[in-house]
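Dropping my_file_4.cif in here (mmCIF, C-alpha atoms):
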data_final
#
loop_
_atom_site.label_atom_id
_atom_site.label_comp_id
_atom_site.auth_asym_id
_atom_site.auth_seq_id
_atom_site.Cartn_x
_atom_site.Cartn_y
_atom_site.Cartn_z
CA MET A 1 109.71 126.18 99.22
CA ALA A 2 108.07 127.90 96.31
CA GLU A 3 104.31 127.81 96.45
CA LEU A 4 102.62 125.68 93.85
CA LEU A 5 98.90 125.17 93.42
CA ILE A 6 97.79 122.33 91.19
CA GLN A 7 94.33 121.11 90.36
CA ILE A 8 94.23 117.47 89.38
CA SER A 9 92.17 117.11 86.24
CA GLY A 10 92.64 113.41 85.56
CA VAL A 11 94.06 114.03 82.10
CA ILE A 12 97.46 112.38 81.76
CA GLY A 13 98.97 115.11 79.60
CA THR A 14 97.94 117.86 82.00
CA ASN A 15 99.08 115.96 85.06
CA LYS A 16 102.42 115.21 83.39
CA SER A 17 103.09 118.89 82.71
CA ASP A 18 102.04 119.73 86.28
CA ALA A 19 104.47 117.10 87.56
CA ALA A 20 107.25 118.60 85.46
CA GLU A 21 106.53 122.00 87.02
CA VAL A 22 106.69 120.50 90.51
CA VAL A 23 110.07 118.92 89.72
CA LYS A 24 111.40 122.26 88.44
CA LEU A 25 110.35 123.96 91.67
CA LEU A 26 111.88 121.21 93.81
CA ILE A 27 115.18 121.52 91.97
CA SER A 28 115.06 125.29 92.34
CA ASP A 29 114.43 124.94 96.08
CA LEU A 30 117.35 122.52 96.44
CA LYS A 31 119.70 124.96 94.72
CA ASP A 32 118.71 127.64 97.24
CA ALA A 33 118.80 125.32 100.27
CA LYS A 34 120.52 126.61 103.37
CA THR A 35 122.69 124.32 105.45
CA VAL A 36 122.05 124.13 109.17
CA GLY A 37 125.51 123.10 110.21
CA ASP A 38 127.30 119.97 111.26
CA ILE A 39 125.12 117.11 112.49
CA THR A 40 127.96 115.15 114.08
CA GLU A 41 126.84 116.10 117.60
CA LEU A 42 123.31 114.93 116.87
CA LEU A 43 124.58 111.61 115.56
CA THR A 44 127.07 110.93 118.34
CA GLY A 45 125.53 112.67 121.35
CA ASP A 46 123.35 111.22 124.06
CA HIS A 47 120.04 111.45 122.19
CA LYS A 48 117.05 109.15 122.26
CA VAL A 49 116.53 107.37 118.95
CA VAL A 50 112.87 106.93 118.14
CA ASP A 51 112.60 103.89 115.88
CA GLN A 52 109.55 102.25 114.29
CA PRO A 53 108.64 100.08 117.31
CA TYR A 54 108.81 103.22 119.48
CA TRP A 55 106.41 105.04 117.14
CA VAL A 56 104.09 102.02 117.13
CA ARG A 57 103.85 102.24 120.93
CA ILE A 58 103.20 106.00 120.76
CA ASN A 59 100.45 105.42 118.19
CA ALA A 60 98.84 102.69 120.31
CA ALA A 61 98.86 104.93 123.39
CA GLU A 62 97.30 107.84 121.47
CA VAL A 63 94.58 105.58 120.03
CA ALA A 64 93.85 104.09 123.47
CA ALA A 65 93.56 107.59 124.97
CA GLY A 66 91.12 108.54 122.22
CA GLU A 67 88.92 105.48 122.68
CA SER A 68 87.99 106.50 126.21
CA ARG A 69 86.92 109.92 124.87
CA GLY A 70 85.07 108.67 121.80
CA LYS A 71 87.75 110.05 119.46
CA PRO A 72 90.08 108.35 116.97
CA ARG A 73 93.07 109.40 119.09
CA VAL A 74 94.40 112.00 121.50
CA LYS A 75 97.68 113.36 120.14
CA ALA A 76 100.63 113.70 122.46
CA VAL A 77 102.39 116.94 121.62
CA SER A 78 105.21 117.40 124.10
CA ILE A 79 108.53 115.64 123.62
CA PRO A 80 108.58 114.31 127.20
CA ASP A 81 105.08 112.85 126.73
CA LEU A 82 106.03 111.25 123.42
CA LEU A 83 109.17 109.73 124.90
CA ARG A 84 107.21 108.42 127.89
CA LEU A 85 104.49 106.87 125.69
CA GLY A 86 107.03 105.15 123.47
CA GLN A 87 108.90 103.42 126.28
CA PRO A 88 108.72 99.61 126.18
#

Full structure transcribed into structure tokens:
Amino acid sequence: MAELLIQISGVIGTNKSDAAEVVKLLISDLKDAKTVGDITELLTGDHKVVDQPYWVRINAAEVAAGESRGKPRVKAVSIPDLLRLGQP
């Protein structure tokens, strides 16, 4: 994606023109987008679907792990750990 640096000034006219520039860059990026291939296998294969309730359980487990360490959370970073934490 094209790099864009914007400073918010709080003036509607300025922010509107900045927004227009962001939209132009997004459209430009979409025109140059590369496809990654067919996703049929991902949609039909034997893959674990992580839905909202699953993510809620992961979040709760991370927060609980953080509480014992005096932190807001301890992030799980490996896929096996995330899948384990999200299990009902």

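All protein, DNA and RNA residues at most 12 Å from (96.3, 107.6, 121.3) are A:Trp55, A:Val56, A:Arg57, A:Ile58, A:Asn59, A:Ala60, A:Ala61, A:Glu62, A:Val63, A:Ala64, A:Ala65, A:Gly66, A:Glu67, A:Ser68, A:Arg69, A:Gly70, A:Lys71, A:Pro72, A:Arg73, A:Val74, A:Lys75, A:Ala76, A:Val77, A:Asp81, A:Leu82, A:Leu85, A:Gly86, using only C-alpha atoms.
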
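Interatomic distance, CA of Leu83 (chain A) to CA of Asp38 (chain A): 24.9 Å.
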
Here CA of Lys34 (chain A) and CA of Lys48 (chain A) stand apart by 26.0 Å

Two-atom distance - CA of Ala33 (chain A), CA of Gln52 (chain A) (Å):
28.5 Å
